[in-house]
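What follows is protein23.cif (mmCIF, C-alpha atoms).
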```cif
data_my_file
#
loop_
_atom_site.label_atom_id
_atom_site.label_comp_id
_atom_site.auth_asym_id
_atom_site.auth_seq_id
_atom_site.Cartn_x
_atom_site.Cartn_y
_atom_site.Cartn_z
CA MET A 14 -0.49 1.77 -11.95
CA ASP A 15 1.25 5.10 -12.28
CA ARG A 16 3.06 5.39 -15.59
CA LEU A 17 6.71 6.31 -15.43
CA ARG A 18 7.37 9.72 -16.91
CA ILE A 19 10.21 9.56 -19.38
CA ASP A 20 11.85 12.90 -20.09
CA ASP A 21 14.88 11.49 -21.88
CA PRO A 22 14.79 10.11 -25.43
CA ALA A 23 13.64 6.49 -25.69
CA PRO A 24 16.45 3.94 -25.51
CA ALA A 25 17.82 2.54 -28.74
CA ALA A 26 16.02 -0.41 -30.31
CA ASP A 27 18.93 -2.54 -29.12
CA PHE A 28 18.12 -2.35 -25.42
CA THR A 29 21.54 -3.73 -24.50
CA ARG A 30 22.96 -0.32 -25.38
CA ALA A 31 20.67 1.57 -22.97
CA THR A 32 22.32 3.61 -20.22
CA ASP A 33 19.31 4.58 -18.07
CA PRO A 34 17.42 1.62 -16.52
CA TRP A 35 14.44 3.76 -15.52
CA ALA A 36 13.93 5.05 -19.05
CA LEU A 37 14.23 1.51 -20.39
CA PHE A 38 11.77 0.24 -17.79
CA GLY A 39 9.29 2.95 -18.77
CA VAL A 40 9.43 1.87 -22.42
CA TRP A 41 9.06 -1.83 -21.57
CA MET A 42 6.23 -1.17 -19.10
CA ALA A 43 4.28 0.84 -21.68
CA GLU A 44 4.72 -1.92 -24.24
CA ALA A 45 3.61 -4.53 -21.69
CA GLU A 46 0.49 -2.54 -20.83
CA ALA A 47 -0.39 -2.53 -24.53
CA ALA A 48 0.36 -6.23 -25.08
CA GLU A 49 -0.43 -8.20 -21.92
CA PRO A 50 -4.06 -9.40 -21.63
CA ASN A 51 -4.14 -9.13 -17.84
CA ASP A 52 -2.23 -7.30 -15.10
CA ALA A 53 0.89 -6.10 -16.87
CA ASN A 54 1.93 -4.76 -13.46
CA ALA A 55 1.87 -8.18 -11.76
CA MET A 56 5.21 -9.05 -10.17
CA ALA A 57 6.67 -11.79 -8.05
CA LEU A 58 7.89 -10.34 -4.75
CA ALA A 59 10.50 -12.23 -2.72
CA THR A 60 11.15 -11.50 0.96
CA ALA A 61 12.89 -13.29 3.80
CA GLY A 62 12.48 -13.01 7.55
CA SER A 63 15.08 -13.26 10.25
CA ASP A 64 15.46 -17.00 9.56
CA GLY A 65 16.70 -16.22 6.05
CA LEU A 66 14.19 -18.58 4.42
CA PRO A 67 12.93 -16.97 1.19
CA ASP A 68 9.22 -16.48 0.55
CA VAL A 69 7.64 -15.34 -2.71
CA ARG A 70 4.19 -14.35 -3.96
CA MET A 71 2.54 -12.35 -6.73
CA VAL A 72 1.59 -8.73 -5.99
CA LEU A 73 0.74 -5.68 -8.09
CA LEU A 74 3.22 -2.93 -8.80
CA LYS A 75 1.32 0.24 -7.93
CA GLY A 76 3.88 2.97 -8.44
CA VAL A 77 7.26 3.46 -10.04
CA ASP A 78 9.66 6.35 -10.43
CA ALA A 79 13.37 6.96 -10.02
CA ARG A 80 13.03 6.31 -6.27
CA GLY A 81 11.89 2.72 -6.78
CA PHE A 82 9.02 0.24 -7.11
CA VAL A 83 5.96 0.58 -4.85
CA PHE A 84 3.48 -2.05 -3.67
CA TYR A 85 0.89 -2.09 -0.87
CA THR A 86 0.08 -4.65 1.79
CA ASN A 87 -1.16 -5.30 5.31
CA THR A 88 1.80 -5.06 7.69
CA ASP A 89 0.38 -8.01 9.65
CA SER A 90 0.65 -10.25 6.58
CA ALA A 91 3.48 -12.74 6.12
CA LYS A 92 5.38 -10.37 3.83
CA GLY A 93 4.74 -7.47 6.18
CA GLU A 94 6.20 -9.39 9.10
CA GLU A 95 9.17 -10.54 7.02
CA LEU A 96 9.88 -6.99 5.90
CA ALA A 97 9.80 -5.84 9.52
CA GLN A 98 12.58 -8.35 10.23
CA ASN A 99 14.55 -7.86 7.01
CA ARG A 100 14.07 -4.65 5.04
CA GLN A 101 15.25 -6.09 1.73
CA ALA A 102 13.33 -7.59 -1.17
CA ALA A 103 13.58 -8.73 -4.77
CA LEU A 104 11.04 -8.64 -7.58
CA VAL A 105 10.54 -9.91 -11.10
CA LEU A 106 8.02 -8.85 -13.74
CA HIS A 107 7.54 -11.43 -16.49
CA TRP A 108 5.70 -10.46 -19.66
CA LYS A 109 5.02 -13.73 -21.44
CA SER A 110 3.50 -12.20 -24.58
CA LEU A 111 6.63 -10.07 -25.07
CA ARG A 112 9.07 -12.76 -23.90
CA ARG A 113 10.68 -10.30 -21.50
CA GLN A 114 11.37 -9.99 -17.82
CA VAL A 115 12.77 -7.39 -15.43
CA ARG A 116 14.40 -8.22 -12.12
CA ALA A 117 15.33 -5.84 -9.30
CA ARG A 118 16.44 -6.04 -5.69
CA GLY A 119 17.32 -3.64 -2.94
CA PRO A 120 16.41 -2.18 0.45
CA VAL A 121 12.78 -1.53 1.33
CA SER A 122 11.24 1.43 3.15
CA PRO A 123 7.64 2.50 3.85
CA VAL A 124 6.04 5.12 1.64
CA THR A 125 4.77 8.25 3.37
CA PRO A 126 1.33 8.20 5.02
CA ALA A 127 0.22 10.80 2.45
CA GLU A 128 1.22 8.50 -0.41
CA ALA A 129 -0.60 5.55 1.20
CA ASP A 130 -3.71 7.67 1.85
CA ALA A 131 -3.78 8.90 -1.75
CA TYR A 132 -3.49 5.44 -3.22
CA PHE A 133 -6.01 3.91 -0.78
CA ALA A 134 -8.52 6.61 -1.70
CA SER A 135 -8.12 5.73 -5.39
CA ARG A 136 -9.19 2.13 -4.82
CA ALA A 137 -12.75 0.95 -5.43
CA ARG A 138 -14.94 1.31 -2.34
CA ASP A 139 -15.43 -2.46 -2.05
CA SER A 140 -11.66 -2.94 -2.17
CA ARG A 141 -11.23 -0.44 0.66
CA ILE A 142 -13.79 -2.30 2.74
CA GLY A 143 -12.05 -5.57 1.89
CA ALA A 144 -8.78 -4.19 3.24
CA HIS A 145 -10.49 -3.66 6.60
CA ALA A 146 -12.09 -7.10 6.57
CA SER A 147 -9.05 -9.17 5.66
CA ARG A 148 -6.75 -10.32 8.44
CA GLN A 149 -4.23 -11.11 5.75
CA SER A 150 -2.32 -14.40 6.08
CA ARG A 151 -4.27 -15.39 9.24
CA PRO A 152 -6.31 -18.63 9.40
CA LEU A 153 -9.90 -18.29 8.12
CA ALA A 154 -12.61 -20.72 9.17
CA ASP A 155 -14.62 -20.46 5.93
CA ARG A 156 -15.64 -18.09 3.15
CA ALA A 157 -18.91 -17.25 4.89
CA THR A 158 -17.01 -15.74 7.82
CA LEU A 159 -15.14 -13.37 5.54
CA GLU A 160 -18.28 -12.39 3.65
CA ALA A 161 -20.10 -11.69 6.93
CA GLU A 162 -17.27 -9.40 8.07
CA VAL A 163 -17.38 -7.55 4.75
CA ALA A 164 -21.16 -7.08 5.06
CA ALA A 165 -20.83 -5.81 8.63
CA LEU A 166 -18.18 -3.29 7.63
CA ALA A 167 -20.22 -2.13 4.61
CA ALA A 168 -23.12 -1.46 6.98
CA ARG A 169 -20.84 0.29 9.46
CA PHE A 170 -19.39 2.67 6.90
CA GLU A 171 -22.70 3.03 5.01
CA ASP A 172 -22.18 5.83 2.49
CA GLY A 173 -19.47 7.56 4.49
CA PRO A 174 -15.72 7.56 3.90
CA VAL A 175 -13.72 4.37 4.32
CA PRO A 176 -10.45 5.38 6.03
CA ARG A 177 -7.17 3.60 5.40
CA PRO A 178 -6.42 1.01 8.11
CA GLU A 179 -3.26 1.90 10.03
CA ASN A 180 -1.73 -1.48 9.19
CA TRP A 181 -2.32 -1.05 5.43
CA ILE A 182 0.67 0.74 3.96
CA GLY A 183 2.96 0.88 0.97
CA PHE A 184 6.57 -0.17 0.62
CA ARG A 185 9.16 1.09 -1.85
CA ILE A 186 12.00 -1.09 -3.12
CA ALA A 187 14.96 1.15 -3.97
CA PRO A 188 16.92 -1.09 -6.35
CA VAL A 189 20.65 -1.47 -6.11
CA ALA A 190 20.50 -3.73 -9.18
CA MET A 191 18.10 -4.08 -12.13
CA GLU A 192 18.30 -6.69 -14.88
CA PHE A 193 16.53 -6.72 -18.24
CA TRP A 194 16.06 -10.01 -20.10
CA GLN A 195 14.81 -10.60 -23.64
CA ASP A 196 14.14 -14.05 -25.04
CA GLY A 197 16.41 -15.08 -27.92
CA PRO A 198 16.46 -17.99 -30.41
CA PHE A 199 18.03 -21.23 -29.24
CA ARG A 200 18.15 -19.81 -25.67
CA LEU A 201 20.74 -17.23 -26.72
CA HIS A 202 18.92 -14.59 -24.69
CA ASP A 203 19.93 -10.95 -24.27
CA ARG A 204 20.61 -9.79 -20.70
CA VAL A 205 21.74 -6.45 -19.30
CA ARG A 206 22.33 -5.79 -15.62
CA PHE A 207 22.50 -2.29 -14.15
CA THR A 208 24.11 -1.80 -10.73
CA ARG A 209 23.92 1.34 -8.65
CA SER A 210 27.12 3.37 -8.88
CA GLY A 211 27.04 6.54 -6.79
CA ASP A 212 24.21 8.68 -8.13
CA GLY A 213 24.10 6.77 -11.40
CA TRP A 214 24.12 3.30 -12.90
CA ALA A 215 26.73 1.03 -14.43
CA GLY A 216 25.47 -1.37 -17.09
CA ALA A 217 26.96 -4.65 -18.27
CA ARG A 218 25.83 -7.22 -20.78
CA LEU A 219 25.62 -10.76 -19.38
CA TYR A 220 25.94 -14.22 -20.89
CA PRO A 221 22.52 -15.85 -21.17
#
```
Any chance you could put this one into structure tokens?
Amino acid sequence: MDRLRIDDPAPAADFTRATDPWALFGVWMAEAEAAEPNDANAMALATAGSDGLPDVRMVLLKGVDARGFVFYTNTDSAKGEELAQNRQAALVLHWKSLRRQVRARGPVSPVTPAEADAYFASRARDSRIGAHASRQSRPLADRATLEAEVAALAARFEDGPVPRPENWIGFRIAPVAMEFWQDGPFRLHDRVRFTRSGDGWAGARLYP
């Protein structure tokens, strides 16, 4: 994933005194990438359709900056359809080895086609072909059917470019709230919640 550029000094060792959630997230993300054995950018993504019933699944965080958190998906998938009905989402990253988690929630908007094209082009060729083959969240008769579709598409594209499918795009969650949690002894955890306040953020320490 894209690393967050941090121009400000790193937050104090006591993260509960931090004033910039993006700078704090950049520090924690870098430490997670160094400590987690697999997929430090894995996050649980919660969405809800027009019926209001929540749905959640694991996805990969593929971009982050002061505008928000970016992930990619097929718009015909369950989450894509739910986001079309309700452009709001929540996420949580849990780093077990560090005993930390970050939560965020806010409105969701599509990334630009140029951003989606650039990220799609960075994926492995087989992953790009897989994006064409997968009718995400739709019923599948058996594994052989999927593998046959992948083989047919590989033959179709041969050694040429694999364009981004129109229904494969990115979404950006622009958080209105972000919470940082650090495990503490005897469940006396440390929690700080930042809420959007104009062009800045207001932070508050929370009871565990």
(Q) What's around Tyr220 of chain A at 10 Å? Count only C-alpha atoms, leave out sequence neighbours fewer than 6 positions away in its own chain, and write the answer as a count of residues only. (A) 5
Q. Quick one: which residues end up in the PyMOL selection byres ((chain A and resi 61) around 9) for this structure, as a VMD selection string?
A. chain A and resid 59 to 60 62 to 69 92 95 to 96 98 to 102
Q.
Running the PyMOL selection byres ((chain A and resi 131-148) around 7) on this model by hand, what would come out? Give it as a ChimeraX atom specification.
A. /A:127-130,149-151,162-163,166-167,175,177-178
**Q.** d(atom CA of Gly213 of chain A, atom CA of Arg30 of chain A) in Å
**A.** 15.7 Å
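Restricting the calculation to all atoms listed in the file, the smallest distance between Ala117 of chain A and any of A:Arg156, A:Arg169, A:Arg200, A:Arg185 is found for A:Arg185.
Excluding Thr208 of chain A itself and same-chain residues fewer than 4 positions from it, the residues having an atom within 8 Å of it are Val189, Ala190, Met191, Trp214, Ala215 and Gly216 of chain A, counting only C-alpha atoms.
Ranking A:Ala168, A:Ala161, A:Ala97, A:Ile186 by their shortest atom-to-atom distance to Gly76 of chain A, with only C-alpha atoms included, puts A:Ile186 first.
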Check what the PyMOL selection byres ((chain A and resi 70) around 6) selects in the file above and give those residues as a compact mmCIF listing (two decimals) with C-alpha atoms, keeping the file's coordinate frame.
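This is the output file out_30.txt:
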```
# COMPACT_ATOMS: atom_id res chain seq x y z
CA ALA A 57 6.67 -11.79 -8.05
CA LEU A 58 7.89 -10.34 -4.75
CA VAL A 69 7.64 -15.34 -2.71
CA MET A 71 2.54 -12.35 -6.73
```
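Considering the residues A:Leu111, A:Leu104, A:Val72, A:Ala157 and counting all atoms listed in the file, Pro50 of chain A has its shortest atom-to-atom contact with A:Leu111.
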Would you list the contacts of Val115 of chain A as a CSV table (one decimal) with C-alpha atoms, in the coordinates of the input, taking every protein, DNA or RNA residue within 10 Å and counting all atoms listed in the file, but skipping same-chain residues closer than 6 positions in sequence?
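Written output follows (selection.csv):
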```csv
chain,number,residue,atom,x,y,z
A,38,PHE,CA,11.8,0.2,-17.8
A,41,TRP,CA,9.1,-1.8,-21.6
A,42,MET,CA,6.2,-1.2,-19.1
A,56,MET,CA,5.2,-9.0,-10.2
A,104,LEU,CA,11.0,-8.6,-7.6
A,105,VAL,CA,10.5,-9.9,-11.1
A,106,LEU,CA,8.0,-8.8,-13.7
A,107,HIS,CA,7.5,-11.4,-16.5
A,108,TRP,CA,5.7,-10.5,-19.7
A,191,MET,CA,18.1,-4.1,-12.1
A,192,GLU,CA,18.3,-6.7,-14.9
A,193,PHE,CA,16.5,-6.7,-18.2
A,194,TRP,CA,16.1,-10.0,-20.1
A,195,GLN,CA,14.8,-10.6,-23.6
A,204,ARG,CA,20.6,-9.8,-20.7
A,205,VAL,CA,21.7,-6.4,-19.3
A,206,ARG,CA,22.3,-5.8,-15.6
```
